[in-house]
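*Asks:* One file: work.cif (mmCIF, C-alpha atoms and all ligand atoms).
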```
data_protein
loop_
_atom_site.label_atom_id
_atom_site.label_comp_id
_atom_site.auth_asym_id
_atom_site.auth_seq_id
_atom_site.Cartn_x
_atom_site.Cartn_y
_atom_site.Cartn_z
CA MET D 1 -137.50 13.80 73.98
CA ALA D 2 -141.02 13.88 72.54
CA PRO D 3 -142.90 11.72 69.99
CA GLN D 4 -141.94 12.79 66.48
CA PRO D 5 -145.26 12.73 64.46
CA PRO D 6 -146.97 15.74 66.15
CA LEU D 7 -143.76 17.77 65.87
CA ARG D 8 -143.54 16.87 62.22
CA GLU D 9 -147.08 18.06 61.59
CA ARG D 10 -146.35 21.43 63.18
CA GLU D 11 -143.00 21.88 61.46
CA LYS D 12 -144.53 20.98 58.07
CA THR D 13 -146.46 24.25 58.11
CA ASN D 14 -143.35 26.18 59.13
CA TRP D 15 -141.35 24.51 56.40
CA GLU D 16 -143.93 25.31 53.75
CA PHE D 17 -143.89 28.95 54.87
CA PHE D 18 -140.09 28.96 54.80
CA LEU D 19 -140.13 27.80 51.18
CA THR D 20 -142.23 30.80 50.17
CA LEU D 21 -139.60 33.28 51.38
CA PRO D 22 -137.88 34.91 48.40
CA ASP D 23 -134.21 34.14 47.74
CA VAL D 24 -131.80 37.04 48.09
CA ASP D 25 -130.26 37.97 44.76
CA GLY D 26 -126.53 38.59 45.22
CA LYS D 27 -126.48 40.89 42.17
CA ASN D 28 -126.26 44.15 44.10
CA LEU D 29 -124.50 42.81 47.19
CA ASN D 30 -120.83 43.03 48.08
CA LEU D 31 -120.13 39.34 48.63
CA GLY D 32 -116.78 40.20 50.19
CA ALA D 33 -118.65 41.10 53.38
CA ILE D 34 -119.44 38.12 55.58
CA LYS D 35 -122.96 39.28 56.45
CA ASN D 36 -123.88 39.61 52.78
CA SER D 37 -122.39 36.25 51.83
CA GLN D 38 -124.61 34.59 54.44
CA LEU D 39 -127.78 35.97 52.83
CA ILE D 40 -127.19 33.84 49.74
CA THR D 41 -129.01 30.50 49.64
CA PRO D 42 -126.58 27.61 50.17
CA LEU D 43 -126.64 24.82 47.61
CA PHE D 44 -125.49 22.29 50.19
CA GLU D 45 -128.06 21.47 52.86
CA PHE D 46 -129.14 18.75 55.33
CA SER D 47 -125.99 16.67 55.22
CA GLY D 48 -125.62 13.55 57.32
CA ALA D 49 -122.46 14.82 59.05
CA CYS D 50 -122.06 14.68 62.85
CA SER D 51 -123.61 17.61 64.73
CA GLY D 52 -121.07 20.41 64.87
CA CYS D 53 -118.86 18.92 62.13
CA GLY D 54 -116.18 21.45 61.24
CA GLU D 55 -115.96 20.42 57.58
CA THR D 56 -119.46 21.24 56.33
CA PRO D 57 -119.46 25.05 56.94
CA TYR D 58 -116.63 25.45 54.41
CA ILE D 59 -118.52 23.48 51.77
CA LYS D 60 -121.69 25.44 52.48
CA LEU D 61 -119.77 28.71 52.06
CA ALA D 62 -118.27 27.61 48.73
CA THR D 63 -121.77 26.84 47.40
CA GLN D 64 -123.08 30.23 48.52
CA LEU D 65 -120.33 31.96 46.58
CA PHE D 66 -119.90 29.77 43.48
CA GLY D 67 -122.57 27.04 43.67
CA ASP D 68 -124.34 28.04 40.46
CA ARG D 69 -121.22 27.29 38.41
CA MET D 70 -119.34 24.71 40.49
CA LEU D 71 -118.07 21.29 39.49
CA VAL D 72 -116.93 19.22 42.46
CA ALA D 73 -114.52 16.29 42.51
CA ASN D 74 -114.91 14.78 45.98
CA ALA D 75 -112.32 12.45 47.45
CA THR D 76 -113.57 9.48 49.43
CA GLY D 77 -113.81 10.37 53.11
CA CYS D 78 -116.41 11.94 55.39
CA SER D 79 -117.26 14.59 52.80
CA SER D 80 -118.09 11.99 50.15
CA ILE D 81 -120.23 10.05 52.64
CA TYR D 82 -122.30 12.89 54.12
CA GLY D 83 -122.16 14.51 50.66
CA GLY D 84 -123.39 11.45 48.79
CA ASN D 85 -125.45 9.13 50.99
CA LEU D 86 -127.43 8.08 47.95
CA PRO D 87 -130.29 8.06 46.98
CA THR D 88 -130.37 11.42 48.80
CA THR D 89 -127.79 14.17 48.48
CA PRO D 90 -127.29 17.50 50.28
CA TRP D 91 -126.06 19.10 47.04
CA THR D 92 -128.93 21.00 45.49
CA PHE D 93 -129.81 23.72 42.94
CA ASN D 94 -131.28 27.19 42.94
CA ARG D 95 -134.62 28.38 41.55
CA GLU D 96 -133.07 28.81 38.12
CA GLY D 97 -132.07 25.14 38.18
CA ARG D 98 -128.35 25.84 38.56
CA GLY D 99 -126.26 24.04 41.15
CA PRO D 100 -122.99 22.21 41.71
CA ALA D 101 -122.27 19.16 39.56
CA TRP D 102 -120.81 16.65 42.03
CA SER D 103 -118.99 13.39 41.65
CA ASN D 104 -116.83 11.09 43.74
CA SER D 105 -114.02 9.05 42.29
CA LEU D 106 -111.43 7.27 44.42
CA PHE D 107 -109.49 8.17 47.55
CA GLU D 108 -106.23 7.92 45.64
CA ASP D 109 -107.04 9.80 42.42
CA ASN D 110 -109.31 12.68 43.33
CA ALA D 111 -106.99 15.52 42.31
CA GLU D 112 -106.45 13.90 38.91
CA PHE D 113 -110.22 13.33 38.63
CA GLY D 114 -110.82 17.07 39.17
CA LEU D 115 -108.06 17.99 36.74
CA GLY D 116 -109.90 15.90 34.14
CA MET D 117 -112.98 18.07 34.73
CA ARG D 118 -110.88 21.20 34.13
CA LEU D 119 -109.30 19.84 30.93
CA THR D 120 -112.72 18.83 29.60
CA LEU D 121 -114.20 22.26 30.33
CA ASP D 122 -111.24 23.98 28.66
CA LYS D 123 -111.60 21.80 25.56
CA GLN D 124 -115.35 22.41 25.37
CA GLN D 125 -114.80 26.15 25.71
CA GLU D 126 -112.17 26.09 22.95
CA HIS D 127 -114.48 24.13 20.66
CA ALA D 128 -117.41 26.49 21.38
CA SER D 129 -115.20 29.53 20.67
CA GLU D 130 -114.16 28.09 17.30
CA LEU D 131 -117.79 27.41 16.36
CA LEU D 132 -118.76 30.90 17.48
CA ALA D 133 -116.22 32.45 15.14
CA GLN D 134 -117.54 30.26 12.30
CA CYS D 135 -121.14 31.33 13.04
CA ALA D 136 -120.32 35.06 13.07
CA GLU D 137 -122.67 35.79 10.18
CA VAL D 138 -125.67 34.31 11.97
CA VAL D 139 -124.79 35.58 15.45
CA GLY D 140 -123.50 39.05 14.56
CA GLU D 141 -119.88 40.14 14.83
CA GLU D 142 -120.51 42.44 17.79
CA LEU D 143 -121.98 39.67 19.97
CA VAL D 144 -119.24 37.25 18.92
CA GLN D 145 -116.54 39.69 20.02
CA ALA D 146 -118.35 40.55 23.25
CA ILE D 147 -118.55 36.85 24.17
CA LEU D 148 -114.98 36.02 23.22
CA THR D 149 -113.43 38.97 25.07
CA ALA D 150 -115.70 38.95 28.15
CA ASP D 151 -114.04 39.54 31.51
CA GLN D 152 -115.39 36.70 33.65
CA SER D 153 -113.04 37.09 36.59
CA HIS D 154 -115.85 38.25 38.89
CA GLU D 155 -119.52 37.59 39.63
CA MET D 156 -120.89 40.52 37.61
CA GLY D 157 -118.82 39.53 34.58
CA ILE D 158 -120.19 36.00 34.74
CA ARG D 159 -123.77 37.22 35.02
CA ALA D 160 -123.24 39.49 31.99
CA GLN D 161 -121.83 36.55 30.03
CA ARG D 162 -124.87 34.40 30.92
CA GLU D 163 -127.09 37.12 29.44
CA ARG D 164 -124.99 37.17 26.26
CA ILE D 165 -125.27 33.40 25.96
CA ALA D 166 -129.05 33.61 26.38
CA LEU D 167 -129.12 36.11 23.48
CA LEU D 168 -126.79 33.88 21.48
CA LYS D 169 -129.17 30.93 21.93
CA GLN D 170 -132.11 33.03 20.78
CA ARG D 171 -130.27 34.03 17.63
CA LEU D 172 -129.13 30.48 16.95
CA GLN D 173 -132.62 29.06 17.45
CA GLY D 174 -134.03 31.59 15.02
CA ALA D 175 -131.31 30.87 12.47
CA ASP D 176 -133.25 28.52 10.20
CA GLY D 177 -131.19 27.26 7.36
CA ALA D 178 -127.86 28.23 8.93
CA GLY D 179 -127.15 24.53 9.04
CA GLY D 180 -124.80 22.50 11.19
CA CYS D 181 -122.86 25.47 12.53
CA ALA D 182 -125.80 26.89 14.51
CA ARG D 183 -126.99 23.49 15.71
CA SER D 184 -123.53 22.46 16.89
CA LEU D 185 -122.92 25.76 18.66
CA LEU D 186 -126.30 25.59 20.37
CA SER D 187 -125.33 22.28 21.96
CA VAL D 188 -122.07 23.63 23.48
CA SER D 189 -122.79 27.33 24.00
CA ASP D 190 -123.07 27.00 27.82
CA ALA D 191 -119.36 26.12 27.85
CA LEU D 192 -118.66 29.80 27.11
CA VAL D 193 -119.64 30.74 30.68
CA ARG D 194 -116.76 30.29 33.11
CA LYS D 195 -117.08 27.32 35.50
CA SER D 196 -115.43 26.80 38.85
CA VAL D 197 -113.70 23.46 39.50
CA TRP D 198 -113.39 22.38 43.15
CA ILE D 199 -111.35 19.41 44.29
CA ILE D 200 -112.40 18.57 47.85
CA GLY D 201 -111.23 16.02 50.41
CA GLY D 202 -109.71 15.35 53.81
CA ASP D 203 -106.13 15.35 55.05
CA GLY D 204 -105.76 11.57 54.66
CA TRP D 205 -106.38 12.15 50.96
CA ALA D 206 -104.44 15.40 50.53
CA TYR D 207 -101.40 14.87 52.74
CA ASP D 208 -100.98 11.10 52.29
CA ILE D 209 -102.72 8.85 49.84
CA GLY D 210 -103.66 11.40 47.17
CA PHE D 211 -100.62 13.62 47.68
CA GLY D 212 -98.76 12.52 44.52
CA GLY D 213 -101.77 13.47 42.41
CA LEU D 214 -102.41 16.66 44.34
CA ASP D 215 -98.82 17.76 43.78
CA HIS D 216 -99.12 16.93 40.08
CA VAL D 217 -102.27 19.02 39.75
CA LEU D 218 -100.72 21.97 41.62
CA ALA D 219 -97.71 21.77 39.30
CA SER D 220 -99.95 21.69 36.19
CA GLY D 221 -100.74 25.40 36.58
CA ARG D 222 -104.37 24.75 35.65
CA ASP D 223 -107.22 26.77 37.11
CA VAL D 224 -108.55 24.50 39.86
CA ASN D 225 -109.47 25.13 43.50
CA ILE D 226 -108.40 22.52 46.04
CA LEU D 227 -110.12 22.53 49.43
CA VAL D 228 -108.51 20.40 52.14
CA LEU D 229 -110.84 19.77 55.08
CA ASP D 230 -108.14 19.21 57.66
CA THR D 231 -109.36 17.20 60.67
CA GLU D 232 -105.78 15.98 61.22
CA VAL D 233 -106.87 12.31 61.09
CA TYR D 234 -108.63 9.89 58.77
CA SER D 235 -112.02 10.70 60.28
CA ASN D 236 -114.29 8.50 58.23
CA THR D 237 -112.50 5.29 59.12
CA GLY D 238 -112.27 6.03 62.82
CA GLY D 239 -109.37 8.44 63.38
CA GLN D 240 -106.11 7.00 62.05
CA ALA D 241 -103.03 9.26 62.09
CA SER D 242 -102.13 11.04 58.85
CA LYS D 243 -99.10 13.18 58.04
CA SER D 244 -101.27 16.09 59.10
CA THR D 245 -101.65 14.81 62.68
CA PRO D 246 -99.74 17.15 65.01
CA ARG D 247 -96.91 16.15 67.30
CA GLY D 248 -98.12 14.92 70.69
CA ALA D 249 -101.68 14.04 69.59
CA VAL D 250 -102.92 10.48 70.11
CA ALA D 251 -104.56 8.81 67.13
CA LYS D 252 -104.87 5.27 65.81
CA PHE D 253 -101.35 4.15 64.73
CA ALA D 254 -99.99 6.87 67.04
CA ALA D 255 -101.17 5.45 70.36
CA ARG D 256 -98.20 6.91 72.27
CA GLY D 257 -98.73 10.36 70.77
CA LYS D 258 -97.38 11.24 67.30
CA SER D 259 -93.64 11.76 67.63
CA THR D 260 -93.08 13.77 64.42
CA PRO D 261 -94.52 17.21 63.59
CA LYS D 262 -97.35 17.96 61.18
CA LYS D 263 -96.38 18.15 57.54
CA ASP D 264 -96.53 21.72 56.23
CA LEU D 265 -98.56 21.18 53.08
CA GLY D 266 -99.10 24.92 52.57
CA MET D 267 -95.37 25.63 52.59
CA LEU D 268 -94.73 22.85 50.08
CA ALA D 269 -97.33 24.34 47.73
CA MET D 270 -95.94 27.87 48.16
CA THR D 271 -92.53 26.80 46.86
CA TYR D 272 -94.05 26.58 43.38
CA GLY D 273 -94.52 30.34 43.45
CA TYR D 274 -97.54 30.22 41.14
CA VAL D 275 -99.96 28.41 43.45
CA TYR D 276 -102.44 30.41 45.54
CA VAL D 277 -102.33 29.06 49.10
CA ALA D 278 -104.42 29.95 52.14
CA ARG D 279 -104.68 28.58 55.62
CA VAL D 280 -108.04 29.33 57.24
CA ALA D 281 -110.06 28.63 60.39
CA MET D 282 -113.60 29.92 60.17
CA GLY D 283 -114.07 30.08 63.95
CA ALA D 284 -111.01 32.29 64.35
CA ASN D 285 -111.62 34.70 61.47
CA ASP D 286 -114.62 34.20 59.20
CA GLN D 287 -113.82 37.31 57.15
CA GLN D 288 -110.33 35.98 56.34
CA THR D 289 -111.90 32.64 55.33
CA LEU D 290 -114.28 34.46 53.00
CA HIS D 291 -111.44 36.50 51.47
CA ALA D 292 -109.42 33.35 50.90
CA PHE D 293 -112.29 31.59 49.12
CA LEU D 294 -112.96 34.59 46.87
CA GLU D 295 -109.28 35.13 46.05
CA ALA D 296 -108.63 31.44 45.44
CA GLU D 297 -111.52 31.22 43.02
CA ALA D 298 -110.60 34.43 41.20
CA TYR D 299 -106.95 33.36 40.81
CA ASP D 300 -106.32 32.06 37.30
CA GLY D 301 -104.24 29.05 38.30
CA PRO D 302 -104.15 26.35 40.97
CA SER D 303 -105.35 27.28 44.45
CA LEU D 304 -105.07 25.38 47.70
CA ILE D 305 -107.12 26.19 50.80
CA ILE D 306 -106.25 24.31 53.99
CA ALA D 307 -109.22 24.59 56.34
CA TYR D 308 -109.05 23.77 60.05
CA SER D 309 -111.93 21.39 60.62
CA THR D 310 -113.06 20.36 64.09
CA CYS D 311 -114.13 16.71 64.37
CA ILE D 312 -115.46 14.26 66.94
CA ALA D 313 -112.18 12.35 66.52
CA GLN D 314 -110.34 15.20 68.28
CA GLY D 315 -112.33 14.72 71.46
CA ILE D 316 -113.71 18.23 71.87
CA ASP D 317 -117.07 19.59 72.96
CA MET D 318 -118.57 19.90 69.48
CA ARG D 319 -120.76 22.79 70.60
CA LYS D 320 -117.57 24.79 71.07
CA GLY D 321 -115.83 23.94 67.81
CA LEU D 322 -115.55 27.56 66.69
CA GLU D 323 -114.04 28.65 70.04
CA GLN D 324 -111.53 25.83 69.80
CA GLN D 325 -110.51 27.05 66.32
CA LYS D 326 -109.95 30.49 67.81
CA LEU D 327 -107.68 29.03 70.51
CA ALA D 328 -105.73 27.12 67.84
CA VAL D 329 -104.98 30.44 66.13
CA GLN D 330 -104.32 32.41 69.33
CA SER D 331 -101.79 29.80 70.50
CA GLY D 332 -99.92 30.11 67.18
CA TYR D 333 -100.64 26.46 66.39
CA TRP D 334 -102.67 27.41 63.30
CA PRO D 335 -101.33 30.63 61.73
CA LEU D 336 -103.73 32.18 59.25
CA TYR D 337 -102.27 33.37 55.97
CA ARG D 338 -102.86 33.95 52.29
CA PHE D 339 -100.17 33.55 49.64
CA ASN D 340 -101.34 35.21 46.46
CA PRO D 341 -98.99 34.95 43.45
CA ALA D 342 -100.98 37.72 41.74
CA LEU D 343 -99.43 40.15 44.26
CA ALA D 344 -95.91 39.01 43.34
CA VAL D 345 -96.64 39.91 39.71
CA GLU D 346 -97.34 43.47 40.94
CA GLY D 347 -94.01 43.48 42.79
CA LYS D 348 -95.66 43.04 46.19
CA ASN D 349 -95.11 40.44 48.88
CA PRO D 350 -97.35 37.47 48.01
CA LEU D 351 -97.54 36.33 51.64
CA THR D 352 -99.94 38.01 54.07
CA LEU D 353 -100.03 36.80 57.66
CA ASP D 354 -103.61 37.22 58.86
CA SER D 355 -103.15 36.24 62.51
CA LYS D 356 -101.17 37.82 65.31
CA GLU D 357 -98.22 36.60 67.40
CA PRO D 358 -99.24 33.81 69.79
CA THR D 359 -100.99 35.23 72.84
CA ILE D 360 -101.81 32.07 74.81
CA PRO D 361 -99.72 28.99 75.69
CA LEU D 362 -100.16 25.93 73.47
CA GLU D 363 -101.44 23.90 76.44
CA GLN D 364 -104.50 26.17 76.75
CA TYR D 365 -105.57 25.07 73.28
CA ALA D 366 -104.29 21.49 73.23
CA TYR D 367 -105.47 20.28 76.64
CA ASN D 368 -109.07 21.15 75.71
CA GLU D 369 -108.90 18.08 73.47
CA THR D 370 -108.96 14.42 74.48
CA ARG D 371 -106.42 13.52 71.78
CA TYR D 372 -103.74 15.46 73.70
CA ARG D 373 -105.08 14.95 77.25
CA MET D 374 -105.19 11.17 77.10
CA LEU D 375 -101.41 10.96 76.75
CA LEU D 376 -101.01 12.99 79.94
CA GLN D 377 -103.03 10.31 81.71
CA SER D 378 -101.26 7.29 80.21
CA ASP D 379 -97.66 8.55 80.06
CA GLU D 380 -97.17 11.94 81.68
CA LYS D 381 -93.42 12.14 81.07
CA ARG D 382 -93.75 11.47 77.35
CA ALA D 383 -96.71 13.87 77.10
CA GLU D 384 -94.59 16.64 78.61
CA GLU D 385 -91.65 15.91 76.30
CA LEU D 386 -93.89 15.94 73.23
CA MET D 387 -95.60 19.13 74.42
CA GLN D 388 -92.22 20.86 74.70
CA ALA D 389 -91.30 19.69 71.19
CA ALA D 390 -94.72 20.79 69.88
CA LYS D 391 -94.20 24.24 71.42
CA HIS D 392 -90.89 24.45 69.66
CA ASP D 393 -92.62 23.52 66.38
CA VAL D 394 -95.10 26.37 66.87
CA GLN D 395 -92.37 28.93 67.64
CA ALA D 396 -90.16 27.85 64.75
CA ARG D 397 -93.01 27.85 62.26
CA TRP D 398 -94.31 31.21 63.41
CA GLN D 399 -90.86 32.79 63.11
CA HIS D 400 -90.35 31.31 59.66
CA TYR D 401 -93.67 32.63 58.37
CA ARG D 402 -93.08 36.05 59.87
CA GLU D 403 -89.64 36.31 58.26
CA LEU D 404 -91.08 35.34 54.89
CA ALA D 405 -93.86 37.89 55.23
CA GLU D 406 -91.40 40.65 56.16
CA GLU D 407 -88.52 39.62 53.89
CA HIS D 408 -90.34 40.28 50.68
CA HIS D 409 -91.56 43.67 51.93
CA LYS D 410 -87.97 44.79 52.42
CA GLY D 411 -87.11 43.58 48.93
C1 LIG H 501 -106.98 3.49 48.53
C2 LIG H 501 -107.95 3.52 49.68
N1 LIG H 501 -107.50 3.27 50.92
C3 LIG H 501 -108.34 3.31 51.96
C4 LIG H 501 -109.66 3.57 51.77
C5 LIG H 501 -110.62 3.60 52.96
N2 LIG H 501 -110.97 4.93 53.34
C6 LIG H 501 -112.12 5.51 52.95
S1 LIG H 501 -112.36 7.02 53.60
C7 LIG H 501 -110.89 6.94 54.44
C8 LIG H 501 -110.48 8.06 55.36
C9 LIG H 501 -110.51 9.42 54.75
O1 LIG H 501 -109.80 10.30 55.57
P1 LIG H 501 -109.57 11.80 55.15
O2 LIG H 501 -109.06 11.90 53.75
O3 LIG H 501 -108.73 12.46 56.18
O4 LIG H 501 -111.03 12.44 55.12
P2 LIG H 501 -112.02 12.67 56.36
O5 LIG H 501 -112.80 11.39 56.49
O6 LIG H 501 -111.18 12.98 57.55
O7 LIG H 501 -112.87 13.82 55.94
C10 LIG H 501 -110.25 5.73 54.18
C11 LIG H 501 -108.96 5.31 54.79
C12 LIG H 501 -110.11 3.83 50.45
N3 LIG H 501 -111.37 4.15 50.19
N4 LIG H 501 -109.23 3.78 49.43
S1 LIG H 502 -116.34 12.20 61.82
FE1 LIG H 502 -115.57 14.28 61.96
S2 LIG H 502 -115.29 15.01 59.83
FE2 LIG H 502 -116.61 13.17 59.82
S3 LIG H 502 -118.69 13.98 59.84
FE3 LIG H 502 -118.12 13.54 61.98
S4 LIG H 502 -117.27 15.49 62.75
FE4 LIG H 502 -117.34 15.64 60.50
#
```
Starting from the file, give its structure as structure tokens.
Ligand SMILES: Cc1ncc(C[n+]2csc(CCOP(=O)(O)OP(=O)(O)O)c2C)c(N)n1
Ligand code: SF4
*Replies:*
Amino acid sequence: MAPQPPLREREKTNWEFFLTLPDVDGKNLNLGAIKNSQLITPLFEFSGACSGCGETPYIKLATQLFGDRMLVANATGCSSIYGGNLPTTPWTFNREGRGPAWSNSLFEDNAEFGLGMRLTLDKQQEHASELLAQCAEVVGEELVQAILTADQSHEMGIRAQRERIALLKQRLQGADGAGGCARSLLSVSDALVRKSVWIIGGDGWAYDIGFGGLDHVLASGRDVNILVLDTEVYSNTGGQASKSTPRGAVAKFAARGKSTPKKDLGMLAMTYGYVYVARVAMGANDQQTLHAFLEAEAYDGPSLIIAYSTCIAQGIDMRKGLEQQKLAVQSGYWPLYRFNPALAVEGKNPLTLDSKEPTIPLEQYAYNETRYRMLLQSDEKRAEELMQAAKHDVQARWQHYRELAEEHHKG
């Protein structure tokens, strides 16, 4: 430890230099490669989360990929607290002034809150398209058609549309005497650029208290992206058990170790058939995480990403969070997969398993964590029984996923 003021003086100069470094423009980069994605400036910085928090890297990644067009509905929980400790906020904007629009509603209605953002955007876009058609004489038929038929399913398409909208604004501003049509269109023309709606929260929200709404939003078929930061407990209120807590782990309200297995939220969502679902763990496979985020966002429908998030409530060495995620995957506890309905439309198997058969025993992963180890100390017999049951859960789930992944291929 050292007195802070002299350090601050020295770091001020470094910081000022850092701010002069140019931002990397993603225009000519393949953002599907992890090293390129990490060159892009994040629009989420300096959060108040615990050191080593496993939730924040996923949010940071989302802002690197989509931050300049993101709207975020944030459920109450750790992410709304470190993401909104007002009057400061870690959500920021780029040098062009674009950044995520963020808001927090309630713990129990966040999915519906985000759906409202989607419906509003869709309505605004519809209204702007109608006005554009009415203003064709002022704008020019060619530009009208180019805007209305633009392919905005990828980054380059969105950039091209932004340029068209800039040209549209120029023409509208110069259209003296065109009357209400030009003025009205000018006020809503930004709605013609595709936006990305993200509904973010923890497992207490997604698996339990907000589940009814989450299910409703998945069923709606609307183009939203749901990111579940799965710490397997209610972290922000001190670690209460949720339906995501695994069998055998100790948590508040599960002091003798949770006796029932973790709810399989991903499998529930997959049964719809038209929901994109991915299960990711950045520490185990960062490239798979990146693929899942890009695919989820590009999918024109509801997407659900369930992200393994290490947390102080699990009782791990937070410096080794990424290694622990790797062990979770190697033990088969956390299979990585992507279920992409767009593949089914092409007659392919929508389910891709992205991790291999378990290669280490479950104990090697679980007993690195206090939440499992403490039961061994307080009630060894019960700990062993629950561990056996948990191993069975892992085997059964793995086999089920593998069959699903192979079954469709045969078909
Ligand atoms: C209806 C309702 N019940 C309880 C709370 C209190 N509360 C705020 S955050 C939170 C825990 C959130 O847990 P989770 O969704 O898992 O997110 P995490 O903190 O783990 O990221 C609870 C219980 C609340 N805000 N609203
Ligand atoms: S309690 Fe857990 S989820 Fe919350 S900020 Fe700390 S490490 Fe992250």
*Asks:* Which residues, written as a count of residues only, have at least one atom at most 10 Å from stretch 274-278 of chain D, with all atoms listed in the file counted and residues fewer than 6 positions away on the same chain left out?
*Replies:* 44
*Asks:* Please identify the residues whose atoms come within 7 Å of ligand LIG 501 (chain H), using all atoms listed in the file, and report them as a VMD selection string.
*Replies:* chain D and resid 76 to 79 106 to 108 201 to 206 209 229 to 237
*Asks:* Can I get the residues close to ligand LIG 502 (chain H) as a ChimeraX atom specification, where close means within 8 Å and we count all atoms listed in the file?
*Replies:* /D:48-56,77-79,82,231,235-236,238,309-313
*Asks:* Could you dump the residues just selected with C-alpha atoms as a JSON list (two decimals), in the coordinates of the input?
*Replies:*
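Saved file part.json follows:
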```json
[["chain", "number", "residue", "atom", "x", "y", "z"],
["D", 48, "GLY", "CA", -125.62, 13.55, 57.32],
["D", 49, "ALA", "CA", -122.46, 14.82, 59.05],
["D", 50, "CYS", "CA", -122.06, 14.68, 62.85],
["D", 51, "SER", "CA", -123.61, 17.61, 64.73],
["D", 52, "GLY", "CA", -121.07, 20.41, 64.87],
["D", 53, "CYS", "CA", -118.86, 18.92, 62.13],
["D", 54, "GLY", "CA", -116.18, 21.45, 61.24],
["D", 55, "GLU", "CA", -115.96, 20.42, 57.58],
["D", 56, "THR", "CA", -119.46, 21.24, 56.33],
["D", 77, "GLY", "CA", -113.81, 10.37, 53.11],
["D", 78, "CYS", "CA", -116.41, 11.94, 55.39],
["D", 79, "SER", "CA", -117.26, 14.59, 52.80],
["D", 82, "TYR", "CA", -122.30, 12.89, 54.12],
["D", 231, "THR", "CA", -109.36, 17.20, 60.67],
["D", 235, "SER", "CA", -112.02, 10.70, 60.28],
["D", 236, "ASN", "CA", -114.29, 8.50, 58.23],
["D", 238, "GLY", "CA", -112.27, 6.03, 62.82],
["D", 309, "SER", "CA", -111.93, 21.39, 60.62],
["D", 310, "THR", "CA", -113.06, 20.36, 64.09],
["D", 311, "CYS", "CA", -114.13, 16.71, 64.37],
["D", 312, "ILE", "CA", -115.46, 14.26, 66.94],
["D", 313, "ALA", "CA", -112.18, 12.35, 66.52]]
```
*Asks:* For stretch 192-308 of chain D against stretch 65-73 of chain D, with a cut-off of 6 Å and counting all atoms listed in the file, what is the closest atom pair and its distance in Å to one decimal for every residue that makes the cut, ordered by chain and number, as a tab-separated table?
*Replies:*
```
residue	atom	partner	partner_atom	distance
D:Lys195	CA	D:Arg69	CA	5.1
D:Ser196	CA	D:Met70	CA	4.7
D:Val197	CA	D:Leu71	CA	4.9
D:Trp198	CA	D:Val72	CA	4.8
D:Ile199	CA	D:Ala73	CA	4.8
```
*Asks:* Could you check which of D:Ile81, D:Gln364, D:Arg95, D:Arg319 is closest to D:Leu19, using all atoms listed in the file?
*Replies:* D:Arg95
*Asks:* Please compute the atom CA of D:Arg402-atom CA of D:Glu357 distance, one decimal, in Å.
*Replies:*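 Pair atom CA of D:Arg402 / atom CA of D:Glu357 returns 9.1 Å.
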*Asks:* D:Ser244, D:Leu148, D:Leu290, D:Met374: which is nearest D:Asn36, counting all atoms listed in the file?
*Replies:* D:Leu290
*Asks:* Please identify all polymer residues within 12 Å of D:Pro22, counting all atoms listed in the file, omitting same-chain residues fewer than 2 positions from it, and present them as a VMD selection string.
*Replies:* chain D and resid 17 to 20 24 to 25 39 to 41 94 to 95
*Asks:* Can you pull out every residue within 10 Å of stretch 150-152 of chain D, counting all atoms listed in the file, but drop anything in the same chain fewer than 2 positions away, and send it as a ChimeraX atom specification?
*Replies:* /D:145-148,154-161,164,192-195,298
*Asks:* Could you jot down the atom CA of D:Leu31 to atom CA of D:Pro90 separation for me, Å, one decimal place?
*Replies:*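 Computing the Euclidean distance for atom CA of D:Leu31 and atom CA of D:Pro90 yields 23.0 Å.
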*Asks:* Between atom CA of D:Leu362 and atom CA of D:Met282, what is the distance in Å, rounded to a tenth?
*Replies:*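 Pair atom CA of D:Leu362 / atom CA of D:Met282 returns 19.3 Å.
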*Asks:* Between D:Ala281, D:Gln399, D:Val139, D:Gly26, which one has atoms that come closest to D:Gly174, using only C-alpha atoms?
*Replies:*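 Counting only C-alpha atoms, the residue closest to D:Gly174 is D:Val139.
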*Asks:* Which residues are close to D:Asn110, i.e. within 7 Å by all atoms listed in the file, leaving aside same-chain residues fewer than 5 positions away? Reply as JSON, numbers by chain.
*Replies:* {"D": [73, 74, 75, 105, 210]}
*Asks:* Mind checking which residues fall within 10 Å of D:Arg256, counting all atoms listed in the file, ignoring those fewer than 2 positions away in the same chain, and posting them as a PyMOL selection string?
*Replies:* chain D and resi 248-254+258-259+374-375+378-379+382-383
